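Working notes, beginning with the structure itself.
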Amino acid sequence: MHELSLCESIVSLVMESAIREGLTRVTRVTVDIGAASAIDPDALLFCFPLVTEGTPAASAELSINRIALKARCTACGADFAPESLISPCPVCGGHDRSLTAGRDMRVVSFEGE
Ligand SMILES: [Zn+2]
């Protein structure tokens, strides 16, 4: 399950920053997950407490923002929100476009004390 290793990266990233900021406890972690990132938010929520167990983030809450797909048409330059990875441009019907949002996962913020 790649969500487990993903969780480990999230937690180690957060812990590193938390220690640098002098926090002793992490209470909330917020991540953005793109709709096309192939990450299952439920699996992530399931893994999070397993990974944080025994760390200063043990009782932290994981909050997930789903980021919708956004694309820009290469042919006409239109920005649109495709329903799926194979949706064509709604303006010109072209299939040549690049995703501008919704593909990645990133840690947005965390809170602690
Ligand atoms: Zn277009």
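Identifiers in this document derive from the order of the structure tokens: chains are assigned A, B, ..., residues are numbered from 1 separately in each chain, and ligands are numbered from 1 in order of occurrence.
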Write out as a PDB file with C-alpha atoms, in the first residue's frame each polymer residue (protein, DNA or RNA) that has an atom no more than 10 Å from ligand 1, with only C-alpha atoms and all ligand atoms counted.
```pdb
ATOM      1  CA  ARG A  72      -5.081  24.383 -19.822  1.00  0.00           C
ATOM      2  CA  CYS A  73      -5.776  23.654 -23.473  1.00  0.00           C
ATOM      3  CA  THR A  74      -2.632  23.752 -25.597  1.00  0.00           C
ATOM      4  CA  ALA A  75      -4.578  24.598 -28.765  1.00  0.00           C
ATOM      5  CA  CYS A  76      -6.767  27.532 -27.618  1.00  0.00           C
ATOM      6  CA  GLY A  77      -5.330  28.380 -24.204  1.00  0.00           C
ATOM      7  CA  ALA A  78      -8.608  27.864 -22.323  1.00  0.00           C
ATOM      8  CA  ASP A  79      -8.439  27.017 -18.626  1.00  0.00           C
ATOM      9  CA  PHE A  80     -10.991  24.435 -17.612  1.00  0.00           C
ATOM     10  CA  PRO A  88     -11.431  17.170 -23.995  1.00  0.00           C
ATOM     11  CA  CYS A  89     -11.297  20.983 -23.960  1.00  0.00           C
ATOM     12  CA  PRO A  90     -14.880  22.326 -23.644  1.00  0.00           C
ATOM     13  CA  VAL A  91     -14.053  25.316 -25.863  1.00  0.00           C
ATOM     14  CA  CYS A  92     -12.423  23.747 -28.927  1.00  0.00           C
ATOM     15  CA  GLY A  93     -12.814  20.020 -28.241  1.00  0.00           C
ATOM     16  CA  GLY A  94      -9.061  19.528 -28.359  1.00  0.00           C
ATOM     17  CA  HIS A  95      -7.360  16.729 -26.445  1.00  0.00           C
ATOM     18  CA  ASP A  96      -3.979  18.388 -26.239  1.00  0.00           C
ATOM     19  CA  ARG A  97      -3.852  19.974 -22.805  1.00  0.00           C
TER      20      ARG A  97
END
```
If we count only C-alpha atoms, what is near A:Ala35 at a cut-off of 7 Å, once residues fewer than 6 positions away on the same chain are taken out, given as number ranges by chain?
A: 66-69, 102-103
Could you dump the residues just selected with N, CA and C atoms as a CSV table (one decimal), in the first residue's frame?
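Listing of again.csv after writing:
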```
chain,number,residue,atom,x,y,z
A,66,ARG,N,-9.4,17.9,-0.9
A,66,ARG,CA,-9.4,17.3,-2.3
A,66,ARG,C,-9.2,18.5,-3.3
A,67,ILE,N,-8.2,18.4,-4.1
A,67,ILE,CA,-8.0,19.4,-5.1
A,67,ILE,C,-8.5,18.9,-6.5
A,68,ALA,N,-9.5,19.6,-7.1
A,68,ALA,CA,-10.1,19.2,-8.3
A,68,ALA,C,-9.1,19.4,-9.5
A,69,LEU,N,-9.3,18.6,-10.5
A,69,LEU,CA,-8.5,18.7,-11.7
A,69,LEU,C,-8.6,20.1,-12.4
A,102,GLY,N,-4.3,19.4,-9.5
A,102,GLY,CA,-5.0,18.2,-9.2
A,102,GLY,C,-4.2,16.9,-9.3
A,103,ARG,N,-2.9,17.0,-9.6
A,103,ARG,CA,-2.1,15.8,-9.8
A,103,ARG,C,-1.2,15.5,-8.6
```
Rounded to one decimal place, report the atom CA of A:Val107-atom CA of A:Ile86 distance in Å.
27.0 Å
Neighbours of A:Glu111 within 7 Å (only C-alpha atoms; same-chain residues fewer than 5 positions away dropped), as a list in words?
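Counting only the stated atoms, we get Val26, Thr27, Arg28 and Val29 of chain A.
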Would you save the residues from that selection as a PDB file, in the first residue's frame, using N, CA and C atoms?
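Contents of out-v3.pdb, as written:
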```
ATOM      1  N   VAL A  26       2.364  17.834  17.831  1.00  0.00           N
ATOM      2  CA  VAL A  26       1.668  18.249  16.614  1.00  0.00           C
ATOM      3  C   VAL A  26       0.201  17.865  16.770  1.00  0.00           C
ATOM      4  N   THR A  27      -0.699  18.839  16.533  1.00  0.00           N
ATOM      5  CA  THR A  27      -2.121  18.572  16.772  1.00  0.00           C
ATOM      6  C   THR A  27      -2.931  18.413  15.490  1.00  0.00           C
ATOM      7  N   ARG A  28      -2.443  19.002  14.396  1.00  0.00           N
ATOM      8  CA  ARG A  28      -3.186  18.885  13.151  1.00  0.00           C
ATOM      9  C   ARG A  28      -2.253  19.005  11.954  1.00  0.00           C
ATOM     10  N   VAL A  29      -2.497  18.164  10.958  1.00  0.00           N
ATOM     11  CA  VAL A  29      -1.723  18.223   9.726  1.00  0.00           C
ATOM     12  C   VAL A  29      -2.716  18.352   8.574  1.00  0.00           C
TER      13      VAL A  29
END
```
Set the distance at 10 Å and use only C-alpha atoms: which residues neighbour A:Asp42 once local chain neighbours fewer than 6 positions away are removed? I'd like the list as a PyMOL selection string.
chain A and resi 3+48+64
Can I get the selection written as a compact mmCIF listing (two decimals), in the first residue's frame, with C-alpha atoms?
```
# COMPACT_ATOMS: atom_id res chain seq x y z
CA GLU A 3 -0.34 5.35 1.18
CA PHE A 48 -1.92 8.18 9.60
CA ILE A 64 -7.42 16.38 3.73
```
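Residue nearest A:Ile33 within the list A:Leu6, A:Val51, A:Ala58, A:Leu85: A:Leu6 [criterion: smallest interatomic distance, only C-alpha atoms].
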If I take atom CA of A:Ser63 and atom CA of A:Gly34, how far is one from the other in Å, to one decimal?
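Separation of atom CA of A:Ser63 and atom CA of A:Gly34: 13.8 Å.
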What are the DSSP strand (DSSP E) residues of stretch 32-106 of chain A, as a PyMOL selection string?
chain A and resi 32-34+61-67+70-73+79-80+97-101+105-106
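For the choices A:Thr100, A:Asn65, A:Ser109, A:Ser84, the atom-to-atom distance to A:Asp32 is smallest for A:Asn65 when using only C-alpha atoms.
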How many Å lie between atom CA of A:Leu62 and atom CA of A:Ser5, rounded to one decimal?
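Calculated distance between atom CA of A:Leu62 and atom CA of A:Ser5 is 15.5 Å.
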